[in-house]
>>> print(open('coords-v3.cif').read())   # mmCIF, C-alpha atoms
data_model
#
loop_
_atom_site.label_atom_id
_atom_site.label_comp_id
_atom_site.auth_asym_id
_atom_site.auth_seq_id
_atom_site.Cartn_x
_atom_site.Cartn_y
_atom_site.Cartn_z
CA MET A 130 0.31 8.74 -1.61
CA TYR A 131 2.29 7.61 1.41
CA ARG A 132 -0.10 9.48 3.67
CA GLN A 133 -3.04 7.71 2.03
CA ILE A 134 -1.41 4.33 2.49
CA ARG A 135 -0.85 5.09 6.16
CA GLU A 136 -4.43 6.25 6.64
CA TYR A 137 -5.81 3.20 4.90
CA VAL A 138 -3.85 0.82 7.12
CA GLU A 139 -4.80 2.88 10.19
CA SER A 140 -8.45 2.42 9.27
CA LEU A 141 -7.94 -1.33 8.97
CA PHE A 142 -6.52 -1.32 12.49
CA ALA A 143 -9.17 1.05 13.83
CA ASN A 144 -10.99 -1.58 15.86
CA ALA A 145 -7.96 -3.53 16.96
CA PRO A 146 -7.23 -3.65 20.70
CA PRO A 147 -4.39 -1.16 21.13
CA SER A 148 -1.04 -2.58 22.18
CA ALA A 149 2.63 -2.23 21.40
CA LYS A 150 2.49 -5.41 19.32
CA MET A 151 -0.40 -4.06 17.27
CA THR A 152 1.40 -0.78 16.64
CA ASP A 153 4.55 -2.62 15.60
CA LEU A 154 2.61 -4.80 13.18
CA LYS A 155 0.84 -1.78 11.76
CA GLU A 156 4.07 0.14 11.26
CA GLU A 157 5.75 -2.86 9.66
CA ILE A 158 2.93 -3.26 7.17
CA ILE A 159 2.95 0.45 6.36
CA THR A 160 6.71 0.56 5.81
CA ASN A 161 6.62 -2.44 3.49
CA LEU A 162 3.62 -1.14 1.57
CA ASN A 163 5.49 2.14 1.09
CA ASP A 164 8.45 0.19 -0.29
CA LYS A 165 6.19 -1.63 -2.70
CA TYR A 166 4.60 1.63 -3.79
CA THR A 167 7.98 3.27 -4.35
CA ASP A 168 9.05 0.28 -6.44
CA LEU A 169 5.95 0.40 -8.62
CA ILE A 170 6.31 4.15 -9.16
CA SER A 171 9.96 3.88 -10.10
CA ASN A 172 8.99 1.24 -12.66
CA GLY A 173 6.78 3.79 -14.33
CA MET A 174 3.32 2.98 -12.91
CA GLY A 175 0.93 5.88 -12.29
CA GLU A 176 0.30 7.09 -8.71
CA GLU A 177 -3.37 6.12 -8.59
CA GLN A 178 -2.75 2.71 -10.16
CA ALA A 179 0.20 1.96 -7.90
CA TYR A 180 -1.81 2.91 -4.83
CA ASN A 181 -4.68 0.64 -5.86
CA ARG A 182 -2.29 -2.19 -6.58
CA VAL A 183 -0.67 -1.82 -3.18
CA ILE A 184 -4.01 -1.73 -1.37
CA ALA A 185 -5.41 -4.65 -3.36
CA GLY A 186 -2.39 -6.74 -2.44
CA ILE A 187 -3.01 -6.50 1.28
CA GLY A 188 -5.61 -9.24 1.55
CA ASP A 189 -7.72 -9.93 4.60
CA ILE A 190 -5.84 -8.95 7.73
CA ASP A 191 -8.71 -9.35 10.16
CA GLU A 192 -7.53 -12.78 11.17
CA LEU A 193 -3.97 -11.55 11.45
CA ILE A 194 -5.09 -8.78 13.79
CA SER A 195 -7.26 -10.98 15.98
CA SER A 196 -4.48 -13.53 16.33
CA GLN A 197 -2.25 -10.82 17.77
CA GLY A 198 -4.35 -10.40 20.89
CA SER A 199 -2.52 -11.82 23.89
CA PRO A 200 -4.00 -14.92 25.58
CA VAL A 201 -4.65 -12.90 28.72
CA ASP A 202 -7.34 -11.06 26.75
CA TYR A 203 -9.60 -14.10 26.67
CA ALA A 204 -9.80 -14.20 30.44
CA GLU A 205 -10.53 -10.49 30.47
CA VAL A 206 -13.26 -10.91 27.85
CA GLU A 207 -14.82 -13.62 30.01
CA ARG A 208 -14.70 -11.37 33.01
CA GLN A 209 -16.29 -8.44 31.16
CA ASN A 210 -19.03 -10.68 29.79
CA LYS A 211 -19.84 -11.92 33.27
CA ARG A 212 -19.79 -8.38 34.62
CA SER A 213 -22.20 -7.18 31.93
CA ALA A 214 -24.47 -10.13 32.56
CA PHE A 215 -24.46 -9.40 36.28
CA LEU A 216 -25.28 -5.72 35.77
CA THR A 217 -28.11 -6.60 33.41
CA ALA A 218 -29.58 -9.12 35.84
CA LEU A 219 -29.25 -6.60 38.65
CA ALA A 220 -31.05 -3.99 36.56
CA ILE A 221 -33.92 -6.34 35.78
CA GLY A 222 -34.20 -7.22 39.44
CA LEU A 223 -34.35 -3.52 40.22
CA TYR A 224 -37.16 -3.07 37.71
CA VAL A 225 -39.18 -5.62 39.62
CA PHE A 226 -38.27 -4.14 42.99
CA SER A 227 -39.29 -0.70 41.81
CA LEU A 228 -42.91 -1.66 42.25
CA ILE A 229 -42.43 -2.41 45.95
CA PRO A 230 -42.30 1.19 47.21
CA VAL A 231 -45.51 1.89 45.34
CA LEU A 232 -47.30 -1.12 46.80
CA ILE A 233 -46.07 -0.49 50.34
CA LEU A 234 -46.68 3.22 50.45
CA ASP A 235 -50.01 2.87 48.74
CA SER A 236 -51.50 1.66 51.99
CA PHE A 237 -50.47 4.93 53.61
CA GLY A 238 -52.66 7.06 51.38
CA PHE A 239 -50.81 10.32 51.86
CA LEU A 240 -47.41 8.83 50.95
CA GLU A 241 -48.53 7.62 47.50
CA ASP A 242 -46.44 10.10 45.61
CA ILE A 243 -43.27 9.25 47.53
CA GLY A 244 -43.86 5.67 46.48
CA ALA A 245 -44.12 6.71 42.86
CA ALA A 246 -41.06 8.94 43.18
CA LEU A 247 -39.05 6.07 44.66
CA MET A 248 -40.22 3.84 41.85
CA PHE A 249 -38.94 6.26 39.22
CA LEU A 250 -35.69 6.65 41.09
CA ILE A 251 -35.10 2.90 41.03
CA VAL A 252 -36.27 2.57 37.42
CA GLY A 253 -33.91 5.36 36.40
CA VAL A 254 -30.95 3.63 38.04
CA ALA A 255 -31.91 0.29 36.53
CA THR A 256 -32.24 1.72 33.02
CA GLY A 257 -28.88 3.42 33.26
CA LEU A 258 -27.36 0.13 34.40
CA ILE A 259 -28.81 -1.80 31.49
CA ILE A 260 -27.56 0.67 28.94
CA TYR A 261 -24.10 0.74 30.50
CA ALA A 262 -23.94 -3.07 30.77
CA ASN A 263 -24.87 -3.48 27.13
CA SER A 264 -22.41 -0.85 25.94
CA VAL A 265 -19.38 -2.31 27.68
CA ARG A 266 -20.15 -5.91 26.80
CA PRO A 267 -17.29 -7.33 24.67
CA LYS A 268 -18.44 -7.50 21.07
CA ARG A 269 -16.95 -9.90 18.52
CA GLY A 270 -14.45 -11.01 21.09
CA MET A 271 -13.11 -7.49 21.60
CA LEU A 272 -13.14 -5.52 24.82
CA ALA A 273 -14.60 -2.05 25.06
CA ASP A 274 -11.76 0.47 25.21
CA GLU A 275 -11.58 3.39 27.64
CA ALA A 276 -13.19 5.84 25.22
CA GLN A 277 -16.12 3.51 24.69
CA LYS A 278 -16.53 2.97 28.42
CA LYS A 279 -16.54 6.70 29.00
CA ARG A 280 -19.19 7.17 26.30
CA ALA A 281 -21.24 4.35 27.84
CA ARG A 282 -21.09 6.04 31.24
CA THR A 283 -22.25 9.41 29.91
CA MET A 284 -24.97 7.80 27.78
CA SER A 285 -26.41 5.80 30.67
CA LEU A 286 -26.19 8.83 32.96
CA ALA A 287 -28.17 10.88 30.44
CA VAL A 288 -30.90 8.25 30.11
CA SER A 289 -31.14 7.87 33.88
CA MET A 290 -31.51 11.63 34.20
CA TYR A 291 -34.37 11.66 31.70
CA ILE A 292 -36.21 9.28 33.97
CA PHE A 293 -35.26 11.20 37.10
CA ALA A 294 -36.75 14.28 35.46
CA ILE A 295 -40.21 12.78 36.12
CA ILE A 296 -39.65 12.83 39.88
CA PRO A 297 -40.07 16.58 40.60
CA PRO A 298 -43.59 16.71 39.08
CA VAL A 299 -44.56 13.51 40.86
CA LEU A 300 -43.33 14.74 44.23
CA ILE A 301 -44.17 18.40 44.13
CA SER A 302 -47.40 18.64 42.18
CA SER A 303 -49.62 16.55 44.41
CA ARG A 304 -48.40 18.02 47.68
CA PHE A 305 -47.85 21.66 46.95
CA ARG A 306 -50.53 22.59 44.50
CA GLY A 307 -49.28 26.09 43.88
CA LEU A 308 -45.77 25.02 42.97
CA ASP A 309 -46.72 23.44 39.64
CA ASN A 310 -44.41 25.81 37.82
CA LEU A 311 -41.50 24.88 40.03
CA SER A 312 -41.93 21.19 39.29
CA ALA A 313 -42.14 21.85 35.57
CA ILE A 314 -39.00 23.98 35.75
CA LEU A 315 -37.12 21.28 37.62
CA MET A 316 -38.26 18.64 35.18
CA PHE A 317 -37.09 20.58 32.16
CA LEU A 318 -33.87 21.52 33.91
CA ILE A 319 -32.97 17.90 34.53
CA ALA A 320 -34.09 16.81 31.07
CA GLY A 321 -32.13 19.67 29.57
CA ILE A 322 -28.92 18.70 31.34
CA ALA A 323 -29.44 15.12 30.21
CA THR A 324 -29.85 16.27 26.61
CA VAL A 325 -26.69 18.35 26.74
CA ILE A 326 -24.73 15.40 28.08
CA LEU A 327 -26.18 13.13 25.40
CA ILE A 328 -25.43 15.45 22.51
CA TYR A 329 -21.92 16.13 23.74
CA SER A 330 -21.26 12.41 23.99
CA VAL A 331 -22.57 11.71 20.50
CA MET A 332 -20.69 14.61 18.89
CA SER A 333 -17.35 13.77 20.45
CA LYS A 334 -17.17 10.47 18.66
CA PRO A 335 -14.27 10.79 16.20
CA LYS A 336 -15.34 11.41 12.62
CA TYR A 337 -13.57 10.00 9.62
CA VAL A 338 -11.90 12.84 7.74
CA LYS A 339 -11.65 12.54 3.97
CA THR A 340 -8.13 13.06 2.73
CA ASP A 341 -9.05 13.95 -0.83
CA ASP A 342 -12.02 13.89 -3.10
CA THR A 343 -11.54 10.49 -4.68
CA ILE A 344 -14.26 7.90 -4.72
CA VAL A 345 -12.11 5.62 -2.58
CA GLU A 346 -11.99 8.16 0.25
CA GLU A 347 -15.72 8.86 0.01
CA PHE A 348 -16.48 5.18 0.21
CA LYS A 349 -14.30 4.76 3.27
CA GLN A 350 -16.02 7.70 4.92
CA TRP A 351 -19.43 6.26 4.07
CA GLN A 352 -18.39 2.89 5.43
CA TYR A 353 -17.24 4.41 8.69
CA GLU A 354 -20.34 6.50 9.05
CA GLN A 355 -22.62 3.57 8.31
CA LYS A 356 -21.34 1.82 11.37
CA ASN A 357 -22.00 4.89 13.53
CA VAL A 358 -25.37 5.76 12.06
CA HIS A 359 -26.69 2.29 12.57
CA THR A 360 -25.72 2.15 16.24
CA THR A 361 -27.02 5.68 16.92
CA CYS A 362 -30.38 4.84 15.36
CA HIS A 363 -30.53 1.62 17.33
CA THR A 364 -29.64 3.35 20.58
CA ILE A 365 -32.31 5.99 20.11
CA GLN A 366 -34.92 3.35 19.36
CA THR A 367 -33.97 1.41 22.47
CA ILE A 368 -34.26 4.55 24.56
CA ILE A 369 -37.72 5.23 23.14
CA TRP A 370 -38.92 1.75 23.99
CA ILE A 371 -37.64 1.99 27.53
CA LEU A 372 -39.25 5.39 28.02
CA THR A 373 -42.50 3.99 26.64
CA VAL A 374 -42.55 1.19 29.19
CA VAL A 375 -41.81 3.63 31.99
CA LEU A 376 -44.49 6.04 30.82
CA TYR A 377 -46.98 3.18 30.51
CA ILE A 378 -46.42 2.01 34.06
CA ALA A 379 -46.33 5.56 35.41
CA ILE A 380 -49.54 6.63 33.72
CA ASN A 381 -51.35 3.51 34.83
CA PHE A 382 -50.39 3.76 38.46
CA LEU A 383 -50.99 7.47 38.67
CA LEU A 384 -54.09 7.74 36.51
CA GLY A 385 -55.44 4.20 36.41
CA ALA A 386 -56.01 4.43 32.67
CA TRP A 387 -55.29 0.79 31.92
CA ALA A 388 -57.99 0.68 29.29
CA VAL A 389 -56.39 3.12 26.90
CA SER A 390 -52.74 3.39 27.89
CA TRP A 391 -51.79 0.41 25.76
CA LEU A 392 -52.10 2.80 22.84
CA LEU A 393 -48.78 4.17 24.06
CA PHE A 394 -47.00 1.17 22.63
CA VAL A 395 -48.60 1.60 19.26
CA ILE A 396 -47.55 5.24 19.25
CA ALA A 397 -44.03 4.25 20.26
CA ALA A 398 -43.84 1.74 17.41
CA VAL A 399 -44.84 4.46 14.96
CA ILE A 400 -42.31 6.89 16.40
CA ASN A 401 -39.57 4.29 16.11
CA LYS A 402 -40.45 3.66 12.48
CA ILE A 403 -40.35 7.39 11.77
CA ILE A 404 -36.94 7.68 13.40
CA ARG A 405 -35.61 4.82 11.35
CA LEU A 406 -36.92 6.46 8.20
CA CYS A 407 -35.32 9.76 9.22
CA PHE A 408 -31.95 8.10 9.57
CA GLU A 409 -32.28 6.29 6.27
CA LEU A 410 -33.37 9.42 4.45
CA ALA A 411 -30.54 11.42 5.95
CA GLU A 412 -28.02 9.37 3.98
CA MET B 26 -2.76 -16.42 -7.35
CA SER B 27 -2.98 -18.32 -10.60
CA ILE B 28 -1.20 -21.44 -9.41
CA ALA B 29 -3.25 -23.86 -7.30
CA SER B 30 -3.66 -21.84 -4.08
CA ASP B 31 -3.98 -24.73 -1.67
CA LEU B 32 -0.74 -26.30 -2.80
CA ILE B 33 1.14 -23.06 -2.33
CA ARG B 34 -0.54 -22.02 0.91
CA GLY B 35 0.52 -25.21 2.61
CA ASN B 36 4.13 -24.44 1.77
CA THR B 37 4.25 -20.71 2.49
CA ASP B 38 6.37 -21.28 5.59
CA MET B 39 8.88 -23.35 3.66
CA ILE B 40 9.10 -20.78 0.88
CA ILE B 41 9.72 -17.97 3.37
CA LEU B 42 12.33 -19.96 5.26
CA SER B 43 14.08 -20.76 2.00
CA HIS B 44 14.86 -17.05 1.71
CA LEU B 45 15.90 -16.58 5.30
CA VAL B 46 18.18 -19.60 5.12
CA LYS B 47 20.32 -17.69 2.64
CA ARG B 48 20.30 -14.33 4.48
CA ASP B 49 18.30 -12.10 6.80
CA SER B 50 15.56 -10.12 5.15
CA TYR B 51 12.42 -8.07 5.68
CA GLY B 52 8.79 -8.23 4.55
CA TYR B 53 8.77 -6.52 1.19
CA GLU B 54 12.16 -7.84 0.13
CA ILE B 55 10.96 -11.42 0.62
CA ASN B 56 7.67 -10.74 -1.10
CA LYS B 57 9.43 -9.11 -4.05
CA SER B 58 11.93 -11.95 -4.27
CA ILE B 59 9.13 -14.50 -4.37
CA SER B 60 7.36 -12.56 -7.11
CA GLU B 61 10.48 -12.15 -9.21
CA ASN B 62 11.64 -15.74 -8.81
CA THR B 63 8.31 -17.05 -10.01
CA ASN B 64 8.09 -14.47 -12.79
CA TYR B 65 5.15 -12.78 -11.06
CA GLU B 66 3.08 -15.93 -11.15
CA LEU B 67 3.11 -16.10 -7.36
CA GLU B 68 2.33 -12.91 -5.45
CA LEU B 69 1.61 -13.36 -1.77
CA LYS B 70 -0.85 -11.07 -0.05
CA GLU B 71 0.51 -9.01 2.85
CA ALA B 72 -1.98 -10.76 5.11
CA THR B 73 -0.59 -14.19 4.22
CA LEU B 74 3.00 -13.06 4.54
CA TYR B 75 2.69 -11.39 7.91
CA SER B 76 0.56 -14.18 9.35
CA ALA B 77 3.36 -16.54 8.38
CA PHE B 78 6.00 -14.28 9.95
CA ARG B 79 4.09 -14.14 13.24
CA ARG B 80 3.43 -17.86 13.16
CA LEU B 81 7.06 -18.75 12.51
CA GLU B 82 8.25 -16.34 15.16
CA ALA B 83 5.83 -17.72 17.73
CA ALA B 84 7.09 -21.22 16.94
CA GLY B 85 10.69 -20.12 17.41
CA MET B 86 11.71 -20.76 13.81
CA ILE B 87 12.71 -17.16 13.19
CA THR B 88 13.42 -14.10 15.28
CA SER B 89 13.24 -10.45 14.39
CA TYR B 90 15.21 -7.33 15.07
CA TRP B 91 14.97 -3.70 14.09
CA GLY B 92 17.51 -2.60 11.53
CA ASP B 93 18.49 1.05 11.14
CA GLN B 94 17.22 2.73 8.11
CA THR B 95 18.56 5.57 6.08
CA THR B 96 15.09 6.44 4.84
CA GLY B 97 13.82 7.19 8.33
CA ALA B 98 11.43 4.36 9.12
CA ARG B 99 12.79 1.44 11.11
CA ARG B 100 12.49 -1.85 9.37
CA ARG B 101 11.82 -5.22 10.96
CA TYR B 102 14.36 -7.81 9.83
CA TYR B 103 13.85 -11.53 10.24
CA THR B 104 16.57 -14.08 10.82
CA ILE B 105 16.32 -17.85 10.88
CA THR B 106 17.10 -19.75 14.08
CA PRO B 107 18.84 -23.12 14.38
CA ALA B 108 15.45 -24.66 15.11
CA GLY B 109 14.21 -22.94 11.98
CA ARG B 110 16.98 -24.42 9.91
CA GLY B 111 16.15 -27.89 11.20
CA TYR B 112 12.48 -27.37 10.46
CA TYR B 113 13.32 -26.09 6.99
CA GLU B 114 15.48 -29.06 6.11
CA GLN B 115 12.81 -31.42 7.38
CA SER B 116 10.15 -29.64 5.31
CA VAL B 117 12.28 -29.82 2.18
CA ASN B 118 12.79 -33.55 2.65
CA GLU B 119 9.10 -34.10 3.17
CA TRP B 120 8.33 -32.06 0.07
CA ARG B 121 10.78 -34.05 -2.03
CA LYS B 122 9.36 -37.33 -0.79
CA ALA B 123 5.78 -36.22 -1.43
CA LYS B 124 6.72 -34.98 -4.89
CA GLN B 125 8.34 -38.33 -5.67
CA LEU B 126 5.29 -40.27 -4.54
CA ILE B 127 2.78 -38.15 -6.45
CA ASP B 128 4.91 -38.11 -9.59
CA ARG B 129 4.57 -41.87 -9.68
CA PHE B 130 0.84 -41.51 -10.16
CA VAL B 131 0.81 -38.71 -12.67
CA GLN B 132 3.81 -39.70 -14.77
#
>>> encode(input="coords-v3.cif", output="structure tokens")
Amino acid sequence: MYRQIREYVESLFANAPPSAKMTDLKEEIITNLNDKYTDLISNGMGEEQAYNRVIAGIGDIDELISSQGSPVDYAEVERQNKRSAFLTALAIGLYVFSLIPVLILDSFGFLEDIGAALMFLIVGVATGLIIYANSVRPKRGMLADEAQKKRARTMSLAVSMYIFAIIPPVLISSRFRGLDNLSAILMFLIAGIATVILIYSVMSKPKYVKTDDTIVEEFKQWQYEQKNVHTTCHTIQTIIWILTVVLYIAINFLLGAWAVSWLLFVIAAVINKIIRLCFELAE
Amino acid sequence: MSIASDLIRGNTDMIILSHLVKRDSYGYEINKSISENTNYELELKEATLYSAFRRLEAAGMITSYWGDQTTGARRRYYTITPAGRGYYEQSVNEWRKAKQLIDRFVQ
């Protein structure tokens, strides 16, 4: 059961900012829990019972863990918060600016599509920025670690690419009539690459591996997966909303269908609900 | 804990120091000693114990060192400092005085 004790404590420390102090504390707790377990066993207690007794005696170490963060961390958390806020504000500014190319180039009739293409370029960058800024924002007083930052980068790159995928059709189709196929190919190529990146990023998140078939292990695995499932569902929904807004603006400027395009939002709401249901049913 | 938790929690530091005053020790040994001395009426959670260790160490009342272990894993031993001894004696006096005062009301 020593392995189980170690794994349980490791899971308690899973979200702790990694440091030598944290590792020391973790090892100390594990060693002492092992001692306690050995004592209980040698006094005749059963393995399962002793393990449960040891685990039950740990108490709530969340406060212990958070108090082990060095004071320097608070300044860093501040800095990261400010950085995220700045990136978000920048992104929103970019959303507004994205309309400028369209308005300017609209007056030069033949450059309309370049205006639209520029708009999507800027919107793509802005969306990527917002997703990145939100992902690296310190949550519950804890900084995003390197793995999380890397995932945030790939995720925001993927979303940006989805938006960039709209540019080939916009640019090519109106100028070079015969090259419709080329623009479709480019669009799917870019969207495809984005999807690959996205799936790779989601799959490489570490899974919790059950150590045996007890109910305790299954519960821990369920607990861990709950956290992941919820954020994945939320992320997908956010992406859908953003794409809806982009599509809405794009369709309106390109086709002028203001009267009916609002339906897009209703459709998006339905899609989001369906996705949420899918995730809930999958459990 | 079956005994009034608040009363005990306020004196966790003193209880831990009372062990270290006699000799150096490590986490489980202290916890076990507390349990046995109180006939298993008082069993501290690991969280409480290690919070106290960190607190006392940060305040300079105890220091720690790694002892060698025959079983393989290094163990963290705690030892009381002179400041710790002073703090302990002061705490004991305060406890005795408080006990005296309160006894007057409940006797």
>>> closest_atom_pairs(input="coords-v3.cif", of="chain B", to="chain A", cutoff="12 Å", atoms="all atoms listed in the file", output="JSON lines")
{"residue": "B:Met26", "atom": "CA", "partner": "A:Gly186", "partner_atom": "CA", "distance": 10.9}
{"residue": "B:Ser50", "atom": "CA", "partner": "A:Asn161", "partner_atom": "CA", "distance": 11.9}
{"residue": "B:Tyr51", "atom": "CA", "partner": "A:Asn161", "partner_atom": "CA", "distance": 8.4}
{"residue": "B:Gly52", "atom": "CA", "partner": "A:Asn161", "partner_atom": "CA", "distance": 6.3}
{"residue": "B:Tyr53", "atom": "CA", "partner": "A:Asn161", "partner_atom": "CA", "distance": 5.2}
{"residue": "B:Glu54", "atom": "CA", "partner": "A:Asn161", "partner_atom": "CA", "distance": 8.4}
{"residue": "B:Ile55", "atom": "CA", "partner": "A:Asn161", "partner_atom": "CA", "distance": 10.4}
{"residue": "B:Asn56", "atom": "CA", "partner": "A:Lys165", "partner_atom": "CA", "distance": 9.4}
{"residue": "B:Lys57", "atom": "CA", "partner": "A:Lys165", "partner_atom": "CA", "distance": 8.3}
{"residue": "B:Ser58", "atom": "CA", "partner": "A:Lys165", "partner_atom": "CA", "distance": 11.9}
{"residue": "B:Ser60", "atom": "CA", "partner": "A:Lys165", "partner_atom": "CA", "distance": 11.8}
{"residue": "B:Leu67", "atom": "CA", "partner": "A:Gly186", "partner_atom": "CA", "distance": 11.9}
{"residue": "B:Glu68", "atom": "CA", "partner": "A:Gly186", "partner_atom": "CA", "distance": 8.3}
{"residue": "B:Leu69", "atom": "CA", "partner": "A:Gly186", "partner_atom": "CA", "distance": 7.8}
{"residue": "B:Lys70", "atom": "CA", "partner": "A:Gly186", "partner_atom": "CA", "distance": 5.2}
{"residue": "B:Glu71", "atom": "CA", "partner": "A:Ile187", "partner_atom": "CA", "distance": 4.6}
{"residue": "B:Ala72", "atom": "CA", "partner": "A:Ile190", "partner_atom": "CA", "distance": 5.0}
{"residue": "B:Thr73", "atom": "CA", "partner": "A:Gly188", "partner_atom": "CA", "distance": 7.5}
{"residue": "B:Leu74", "atom": "CA", "partner": "A:Ile187", "partner_atom": "CA", "distance": 9.5}
{"residue": "B:Tyr75", "atom": "CA", "partner": "A:Leu193", "partner_atom": "CA", "distance": 7.5}
{"residue": "B:Ser76", "atom": "CA", "partner": "A:Leu193", "partner_atom": "CA", "distance": 5.6}
{"residue": "B:Ala77", "atom": "CA", "partner": "A:Leu193", "partner_atom": "CA", "distance": 9.4}
{"residue": "B:Phe78", "atom": "CA", "partner": "A:Leu193", "partner_atom": "CA", "distance": 10.4}
{"residue": "B:Arg79", "atom": "CA", "partner": "A:Gln197", "partner_atom": "CA", "distance": 8.5}
{"residue": "B:Arg80", "atom": "CA", "partner": "A:Ser196", "partner_atom": "CA", "distance": 9.6}
{"residue": "B:Ala83", "atom": "CA", "partner": "A:Gln197", "partner_atom": "CA", "distance": 10.6}
{"residue": "B:Ser89", "atom": "CA", "partner": "A:Glu157", "partner_atom": "CA", "distance": 11.7}
{"residue": "B:Tyr90", "atom": "CA", "partner": "A:Asp153", "partner_atom": "CA", "distance": 11.7}
{"residue": "B:Trp91", "atom": "CA", "partner": "A:Glu157", "partner_atom": "CA", "distance": 10.3}
{"residue": "B:Gly92", "atom": "CA", "partner": "A:Glu157", "partner_atom": "CA", "distance": 11.9}
{"residue": "B:Gln94", "atom": "CA", "partner": "A:Thr160", "partner_atom": "CA", "distance": 11.0}
{"residue": "B:Thr96", "atom": "CA", "partner": "A:Thr160", "partner_atom": "CA", "distance": 10.3}
{"residue": "B:Gly97", "atom": "CA", "partner": "A:Thr160", "partner_atom": "CA", "distance": 10.0}
{"residue": "B:Ala98", "atom": "CA", "partner": "A:Thr160", "partner_atom": "CA", "distance": 6.9}
{"residue": "B:Arg99", "atom": "CA", "partner": "A:Thr160", "partner_atom": "CA", "distance": 8.1}
{"residue": "B:Arg100", "atom": "CA", "partner": "A:Glu157", "partner_atom": "CA", "distance": 6.8}
{"residue": "B:Arg101", "atom": "CA", "partner": "A:Glu157", "partner_atom": "CA", "distance": 6.6}
{"residue": "B:Tyr102", "atom": "CA", "partner": "A:Glu157", "partner_atom": "CA", "distance": 9.9}
{"residue": "B:Tyr103", "atom": "CA", "partner": "A:Glu157", "partner_atom": "CA", "distance": 11.9}
>>> write_last_selection(input="coords-v3.cif", atoms="C-alpha atoms", output="short mmCIF file (atom, residue, chain, number, x, y, z; two decimals), keeping the file's coordinate frame")
data_model
loop_
_atom_site.label_atom_id
_atom_site.label_comp_id
_atom_site.auth_asym_id
_atom_site.auth_seq_id
_atom_site.Cartn_x
_atom_site.Cartn_y
_atom_site.Cartn_z
CA MET B 26 -2.76 -16.42 -7.35
CA SER B 50 15.56 -10.12 5.15
CA TYR B 51 12.42 -8.07 5.68
CA GLY B 52 8.79 -8.23 4.55
CA TYR B 53 8.77 -6.52 1.19
CA GLU B 54 12.16 -7.84 0.13
CA ILE B 55 10.96 -11.42 0.62
CA ASN B 56 7.67 -10.74 -1.10
CA LYS B 57 9.43 -9.11 -4.05
CA SER B 58 11.93 -11.95 -4.27
CA SER B 60 7.36 -12.56 -7.11
CA LEU B 67 3.11 -16.10 -7.36
CA GLU B 68 2.33 -12.91 -5.45
CA LEU B 69 1.61 -13.36 -1.77
CA LYS B 70 -0.85 -11.07 -0.05
CA GLU B 71 0.51 -9.01 2.85
CA ALA B 72 -1.98 -10.76 5.11
CA THR B 73 -0.59 -14.19 4.22
CA LEU B 74 3.00 -13.06 4.54
CA TYR B 75 2.69 -11.39 7.91
CA SER B 76 0.56 -14.18 9.35
CA ALA B 77 3.36 -16.54 8.38
CA PHE B 78 6.00 -14.28 9.95
CA ARG B 79 4.09 -14.14 13.24
CA ARG B 80 3.43 -17.86 13.16
CA ALA B 83 5.83 -17.72 17.73
CA SER B 89 13.24 -10.45 14.39
CA TYR B 90 15.21 -7.33 15.07
CA TRP B 91 14.97 -3.70 14.09
CA GLY B 92 17.51 -2.60 11.53
CA GLN B 94 17.22 2.73 8.11
CA THR B 96 15.09 6.44 4.84
CA GLY B 97 13.82 7.19 8.33
CA ALA B 98 11.43 4.36 9.12
CA ARG B 99 12.79 1.44 11.11
CA ARG B 100 12.49 -1.85 9.37
CA ARG B 101 11.82 -5.22 10.96
CA TYR B 102 14.36 -7.81 9.83
CA TYR B 103 13.85 -11.53 10.24
#
>>> residues_around(input="coords-v3.cif", residues="Arg110 of chain B", least_positions_apart="3", cutoff="12 Å", atoms="only C-alpha atoms", output="count of residues only")
23
>>> resolve_selection(input="coords-v3.cif", expression="the PyMOL selection byres ((chain A and resi 132) around 12)", output="ChimeraX atom specification")
/A:130-131,133-139,159-160,162-163,166,180,339-341
>>> atom_distance(input="coords-v3.cif", atom1="atom CA of Thr63 of chain B", atom2="atom CA of Leu141 of chain A")
29.5 Å
>>> resolve_selection(input="coords-v3.cif", expression="the PyMOL selection byres ((chain A and resi 281) around 10)", output="list in words")
Gly257, Leu258, Ile260, Tyr261, Ala262, Asn263, Ser264, Val265, Ala273, Glu275, Ala276, Gln277, Lys278, Lys279, Arg280, Arg282, Thr283, Met284, Ser285, Leu286, Ala287 and Ser330 of chain A
>>> atom_distance(input="coords-v3.cif", atom1="atom CA of Ser195 of chain A", atom2="atom CA of Met151 of chain A")
9.8 Å
>>> atom_distance(input="coords-v3.cif", atom1="atom CA of Ser227 of chain A", atom2="atom CA of Val399 of chain A")
27.9 Å
>>> axis_aligned_box(input="coords-v3.cif", around="segment 379-391 of chain A", padding_each_side="8 Å", output="lines of an AutoDock Vina configuration file")
center_x = -52.2
center_y = 4.1
center_z = 32.2
size_x = 27.7
size_y = 23.3
size_z = 28.9
